[in-house]
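Step one of this worksheet: look at the structure below.
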Amino acid sequence: MKSSPTSPTILSLLDFQNLNSAQIFSFIQTALDLKKRQAQAGRFLEKQTILGTGALLFFEPSTRTRFSFETACIRAGVAPLIMDNLAGSSLEKGESIEDTILNLEAMGPLFFVVRCSDQTELREISEKLKTPVINAGWGKKSHPTQALLDATTLFERWGDLRDKNILFVGDVLHSRVFSSHVELSKILGYRLGYCAPTEFGLGEFESLKAGIKSFDQIRHALEWADAVITLRVQKERHDSISGATNEDYRQRYGLNLERAKLLKPSAVILHPGPINYGVEIEKNLLKDSRSVILQLVENGVFIREVLIKSIISGEI
Amino acid sequence: MKSSPTSPTILSLLDFQNLNSAQIFSFIQTALDLKKRQAQAGRFLEKQTILGTGALLFFEPSTRTRFSFETACIRAGVAPLIMDNLAGSSLEKGESIEDTILNLEAMGPLFFVVRCSDQTELREISEKLKTPVINAGWGKKSHPTQALLDATTLFERWGDLRDKNILFVGDVLHSRVFSSHVELSKILGYRLGYCAPTEFGLGEFESLKAGIKSFDQIRHALEWADAVITLRVQKERHDSISGATNEDYRQRYGLNLERAKLLKPSAVILHPGPINYGVEIEKNLLKDSRSVILQLVENGVFIREVLIKSIISGEI
Amino acid sequence: MKSSPTSPTILSLLDFQNLNSAQIFSFIQTALDLKKRQAQAGRFLEKQTILGTGALLFFEPSTRTRFSFETACIRAGVAPLIMDNLAGSSLEKGESIEDTILNLEAMGPLFFVVRCSDQTELREISEKLKTPVINAGWGKKSHPTQALLDATTLFERWGDLRDKNILFVGDVLHSRVFSSHVELSKILGYRLGYCAPTEFGLGEFESLKAGIKSFDQIRHALEWADAVITLRVQKERHDSISGATNEDYRQRYGLNLERAKLLKPSAVILHPGPINYGVEIEKNLLKDSRSVILQLVENGVFIREVLIKSIISGEI
C-alpha cells in the first residue's frame, strides 16, 4: 500500500515492511556505536542544538516508553512536544485521533511518535500524512521499537542473531512485542519459540504455519533457548480469561533460579517490564549475569535515537 | 489603563488595543515571510539556541492551541514551560490564579501565554506584572491570536483585507473568535456579517451599532461573503438554550456542497476547529480548494512565532 | 552510609550531610552572583546549549517547585523530562517507585529531582543509583532546597547568617521546611525558635535537646526574631487534630500589621507559599518592605541552578 512506482513514499516505522536486514543491522550497529561514544562523553550530549520539534502522542499511557522517546529526541536535537494527558485534549470535544494528528501535522513536526489502541486506524492515518510516524506501541498489534531494542541487546551480546533461538514465555497471543518479533525474526534470521498456557498460545496450526516452535514443557523450552523473553502477566486478563491465579502461573511458567539452570551458560534473559516479581520472574534472577533488563532500557534510547535521526534525514 | 505619560508600559497581547494597522500588517507579512523561509529550510529551524523560558498556562484545556504555542516558542528560541494539568497544581491548595502567576513571574519567564475562563481577571493580573501576557483564549471574551491567524490566512490569499466581507455562521454571541474579529476588523478595515439562530445573534440593535451586517437567510449571507467562518456547534449549549437539534442546525445553517455554490469562486471557507462534521460543515467540503482549515493551523504557528519574537524583543 | 573508604560515593542532595558551611556559602554566593548577571542580561540565558537531560519526578503534585526546577534546568543547559501525571505512568501497572527510577536511570539522565511521600525509601533508592538525586520535598521529612532558598534570601539581606534568630510560626512538627532548617542551622550557625499550638510544637524536651527556642507567646517570639517564617496552615490537619478553627489560629498566631510592629525594623518576613491570606498572614503585610515572599521564589531558581550545575560537574 505504501509504495508505488510513480511517487516516492513517505516512510513511517509502523512495522518493518520497508526495511531489509542490511538496514536494520546498520541501525543496530549505529546504536551500539553511539552508546560507546556516549560512555566516553560522560553522558553529555554531542549535539546541542535544536533542529525542530517531534510530536509524541500517547493516546494510551506510558511512562518509560515516553521518557525513552523524549530522551532520544533530545539526543537527536529535537524538541519533544508531548500529548499524554487526554483530559486536556481536543479529543474531549469529540475530535477524532485522525483529525488531531492532521492538525498537529500542520504545525510542522519533523515526525510523530504514536502510541494508540488496536481501534486506531494508524496505517490509514499515516498514509494521509506527509510526516513520518513511529509506532510506539499499537494495541496488541505491534511494537517495533521494543523488538528492535531486544535485537540490539542480543546483537550486543552475541555479535550476531542468525539462527539463534529466542523463546517467549507467557501470553504471546496478546503480545505486541511478540508480534513484532515474528516480523523481525524473518528479516534478521533468528528463530522463535514460545511456552504458554493453551489459551495464550497461537494454537498448533498457527505456530507450524508461522515456523514458530511451541513448547508444552517449560523445561524443554529453556533447554532450547539462546535467549528467553519473559512476558509480563497481565493480571486482569489472566483472571478473567483463564481463571488461573498468579500462583498457578508462577509454578508452571515462572522463571526462577532453579529453572534458569536449564538455560545455556551463554543464554540471555529479557523482560520488557514492568515486572511482576515472583510471578513471571523471580527477583533475585535479575542479578544473574545473564539478565539484561536495564540494558534493554538503555539500548532502547540509542536505537530510538538512531531511528529518529534516520527518519529526519530521510534515510528510512 | 495600561498607558501613563510617565512610565513606559509593559505591553501584553490581551487584545488589539495597543496595536495599529501598520503593526499588525507587519506581523502578518513577517509571518508569511517566515513560512516561505521555513518551506525552503525543509522544516528545520533557523534558530537553534535557547534564549529563555516562556510560561504557558492553560487553566482551561486545549491540545491544539497549546501545541501551536509550544511550537512557536521553540521556533523563537524559547523553552516552553507548560502548566495544563490542574490536578497537579497549587490551585488545588486554594491558591488563586493571580498568586500562581505572580509566583511564576518571579521565576523569570520571558512572557506568559494564558488560557483562562471569563471569571479570571486577566487584565487586572497583567497590570500587576512586569512580564508580557499573551491571551490564548479568554473565556467567551477574546482570542486575538485566532483572529490574527484567520487574518493572516486571508491576507495570504488576497494580498489585502480592506473592504472584504467576512461572514460568521453560528453562535457569534458566545464566540471569543468573533469578538476578537470585531475588534480586529475595525483596525484592519474589513467588514463583518453573521447568520445565526436568533438566540445566538447579537440582536438587531447591537449589530447596527457595531456596524455588523446580520442575515436571516444563509443564502443571502453566502452571496455577500468573501470569506465564511463556520463556528463549531457547541452541542451542550445548543440543546439547553435553544432546544434545537444538530439536525435542525444542519438544515438551516450547515455549510454543504450545494450551499457552497452560492459563494464567490474566490471565496474562502474557514473553521476554527475542532469540526463537527455534518453539522456546521459537510466533510467533503474540506477538499474544496476554497477551504483553508489546515492552512489556518499552519499559519497559526508562524503568526504566534512572530508575536513571541516581537514581545521578547520589546517591539510590542 | 553513603561514604566508604574504598569507593568514591555518588553524591545526592537528599539532605545536607555531605556539605559543610564553606560549600553552602559558596553555593549561596554563586546564586546571588548569577542573579546579578541575569539582571544585566535582561532575563536572557547565558548558556544556550543542551548538555543532557534531567529527570524531574513528582510523585506528589507541585506547580511552583516543578516550574522552579524546570527553569533551573534550562538555565543550566539541561532539558527537563517531567513525570508528574501519575495517571499516565507505569505506577498504575503496579511498578514500584524504585523500579521506575532504576529504569529511568538506564535512559541516562544527568540527575534526578524527586518529590515523594514519607513512605518512599528515597535514601535506599538513591544508594542503588549511580545518578545523583536532588530532594524536591520528601513527605514531612525534608525539603533542603527550600531551606537553602530561605538562607540565600536572608544572606542577600544581611550579608551573613551567623547568630541570627530565625523564628517559625506554625506547625513545625509536620513541616519539612522546618526539619531542613534544623539541619541547615547547625551547619551555617543561625538559631531557630518557634511559636506554635502545643500539638504542633516539638515538645519542651525535644526543643531543649535540639537547642531550639520555644515561645508560648507570639509577642515574645516576634521580639526575639531577626526573621520570621510563617508556615501555611494546612486546614485539613488543623481541623482534624486540634479542633481549632482558622479564626482561632489567626487570633493567636496570625501575623498582621499590628504584630509586625513588634519585629525589629531590619527583620525579614518569609512564607514558603501558597499563602492562606488572613489566616497565617495578613495580605497587606506582603507590601511591607520587610516581606520577601516573591524574592524567595526568585532566589529559589538561582540556588537550584547552582546546585544542578554543581551536581552535573561533580562538585557536590
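So you can find residues: chains in the C-alpha cells are A, B, ... in the order shown, residues in each start at 1, and ligands are numbered from 1 in order.
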
Report task. Enumerate as an MDAnalysis selection string all residues of stretch 39-248 of chain A assigned to helix (DSSP H, G or I) by DSSP on the backbone, naming them with the chain letters and numbers the document uses. Result -> chainID A and resid 39:40 64:75 86:88 90:93 97:105 122:127 144:158 172:174 176:188 198:200 204:210 218:224 235:242 246:248

Next, dump the selected residues to file, keeping only C-alpha atoms, as a short mmCIF file (atom, residue, chain, number, x, y, z; two decimals), in the first residue's frame.
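What ended up in selection_3.cif:
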```
data_model
loop_
_atom_site.label_atom_id
_atom_site.label_comp_id
_atom_site.auth_asym_id
_atom_site.auth_seq_id
_atom_site.Cartn_x
_atom_site.Cartn_y
_atom_site.Cartn_z
CA ALA A 39 30.02 6.40 27.52
CA GLN A 40 33.20 8.28 26.63
CA ARG A 64 9.01 4.54 30.28
CA THR A 65 8.38 4.50 26.56
CA ARG A 66 7.55 8.20 26.63
CA PHE A 67 10.72 9.01 28.59
CA SER A 68 12.76 6.86 26.23
CA PHE A 69 11.47 8.66 23.15
CA GLU A 70 11.79 12.04 24.85
CA THR A 71 15.41 11.32 25.69
CA ALA A 72 16.07 10.02 22.18
CA CYS A 73 14.54 13.19 20.73
CA ILE A 74 16.73 15.47 22.80
CA ARG A 75 19.83 13.47 21.91
CA LEU A 86 -6.25 13.04 27.38
CA ALA A 87 -8.19 15.08 29.91
CA GLY A 88 -6.53 18.17 28.49
CA SER A 90 -9.47 18.25 22.00
CA LEU A 91 -10.42 14.58 21.95
CA GLU A 92 -12.80 15.50 24.73
CA LYS A 93 -14.61 17.78 22.32
CA ILE A 97 -7.47 10.90 16.51
CA GLU A 98 -7.11 11.36 12.76
CA ASP A 99 -8.20 14.99 12.92
CA THR A 100 -5.93 15.63 15.88
CA ILE A 101 -2.94 14.23 14.02
CA LEU A 102 -3.76 16.07 10.78
CA ASN A 103 -4.00 19.30 12.73
CA LEU A 104 -0.76 18.75 14.55
CA GLU A 105 0.93 17.90 11.26
CA LEU A 122 -2.88 4.14 12.39
CA ARG A 123 -1.90 2.88 8.95
CA GLU A 124 -4.75 4.67 7.19
CA ILE A 125 -3.91 7.84 9.12
CA SER A 126 -0.20 7.64 8.34
CA GLU A 127 -0.97 7.29 4.65
CA PRO A 144 8.57 -2.48 16.58
CA THR A 145 11.00 -0.35 18.59
CA GLN A 146 10.67 -2.76 21.52
CA ALA A 147 11.56 -5.69 19.26
CA LEU A 148 14.47 -3.67 17.90
CA LEU A 149 15.84 -2.91 21.35
CA ASP A 150 15.68 -6.61 22.21
CA ALA A 151 17.53 -7.38 18.97
CA THR A 152 20.09 -4.64 19.65
CA THR A 153 20.80 -6.03 23.11
CA LEU A 154 21.15 -9.59 21.87
CA PHE A 155 23.38 -8.47 19.00
CA GLU A 156 25.50 -6.60 21.53
CA ARG A 157 25.98 -9.87 23.44
CA TRP A 158 26.42 -12.24 20.55
CA VAL A 172 2.18 -14.43 23.17
CA LEU A 173 -1.33 -14.31 21.73
CA HIS A 174 -1.94 -10.80 23.09
CA ARG A 176 2.54 -6.77 20.56
CA VAL A 177 6.20 -7.38 21.35
CA PHE A 178 5.87 -10.98 20.20
CA SER A 179 4.06 -9.91 17.02
CA SER A 180 6.84 -7.51 16.15
CA HIS A 181 9.42 -10.23 16.82
CA VAL A 182 7.58 -12.57 14.46
CA GLU A 183 8.07 -9.99 11.74
CA LEU A 184 11.63 -9.06 12.71
CA SER A 185 12.81 -12.66 13.06
CA LYS A 186 12.01 -13.32 9.43
CA ILE A 187 14.13 -10.37 8.33
CA LEU A 188 17.06 -10.91 10.67
CA THR A 198 -3.04 -23.04 25.93
CA GLU A 199 -5.40 -20.06 25.89
CA PHE A 200 -2.44 -17.68 25.39
CA GLU A 204 -0.69 -25.81 16.98
CA PHE A 205 -1.64 -24.98 13.40
CA GLU A 206 -0.82 -21.29 13.53
CA SER A 207 2.54 -21.99 15.12
CA LEU A 208 3.51 -24.53 12.48
CA LYS A 209 2.42 -22.22 9.70
CA ALA A 210 4.48 -19.37 11.07
CA ILE A 218 8.97 -25.04 30.21
CA ARG A 219 11.95 -27.37 30.80
CA HIS A 220 12.26 -28.28 27.11
CA ALA A 221 11.72 -24.72 26.09
CA LEU A 222 14.51 -23.39 28.30
CA GLU A 223 16.95 -26.03 27.09
CA TRP A 224 16.26 -24.96 23.53
CA LYS A 235 -3.40 -9.93 35.94
CA GLU A 236 -6.78 -8.68 34.81
CA ARG A 237 -6.62 -10.68 31.61
CA HIS A 238 -5.41 -13.87 33.27
CA ASP A 239 -8.04 -13.87 35.94
CA SER A 240 -10.91 -13.25 33.58
CA ILE A 241 -9.90 -15.47 30.68
CA SER A 242 -8.17 -18.44 32.21
CA ASN A 246 -0.63 -15.86 39.72
CA GLU A 247 0.45 -18.77 41.90
CA ASP A 248 -0.54 -21.34 39.22
#
```

Requested in this report: Show which residues sit within 12 Å of B:Leu110, as a PyMOL selection string. Count only C-alpha atoms, and ignore same-chain residues fewer than 3 positions away.
Outcome: (chain B and resi 12+50-56+73+76-81+104-107+113+129-134+308-314) or (chain C and resi 42-45+71)

Query - All strand (DSSP E or B) residues (DSSP, backbone) inside stretch 23-63 of chain B, as a list in words - result: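 Residues of stretch 23-63 of chain B classed as strand (DSSP E or B): Gly52, Thr53, Gly54, Ala55, Leu56, Leu57 and Phe58 of chain B.
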
Query raised in the report: Between A:Phe112, A:Phe302, A:Phe25, A:Tyr253, which is the closest to chain C once you count only C-alpha atoms?
Result: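 Checking each of A:Phe112, A:Phe302, A:Phe25, A:Tyr253 against chain C, counting only C-alpha atoms, the winner is A:Phe302.
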
**Report entry** 6 Å contacts from chain A to chain C using only C-alpha atoms, as a list in words
**Finding:**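 Here is what falls inside 6 Å: Phe44, Leu45, Gln48, Pro61, Ser62, Thr63, Pro274, Val297 and Glu298 of chain A.
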
Report task. Work out how far atom CA of A:Val279 is from atom CA of A:Gly254, in Å to one decimal. Result ->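 Result for atom CA of A:Gly254 versus atom CA of A:Val279: 5.8 Å, one decimal.
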
Query raised in the report: Which value, in Å to one decimal, gives the distance between atom CA of C:Gln23 and atom CA of C:Gly139?
Result: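 The value is 26.0 Å.
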
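Reported to one decimal place, the separation of atom CA of B:Gln234 from atom CA of B:Tyr277 is 12.6 Å.
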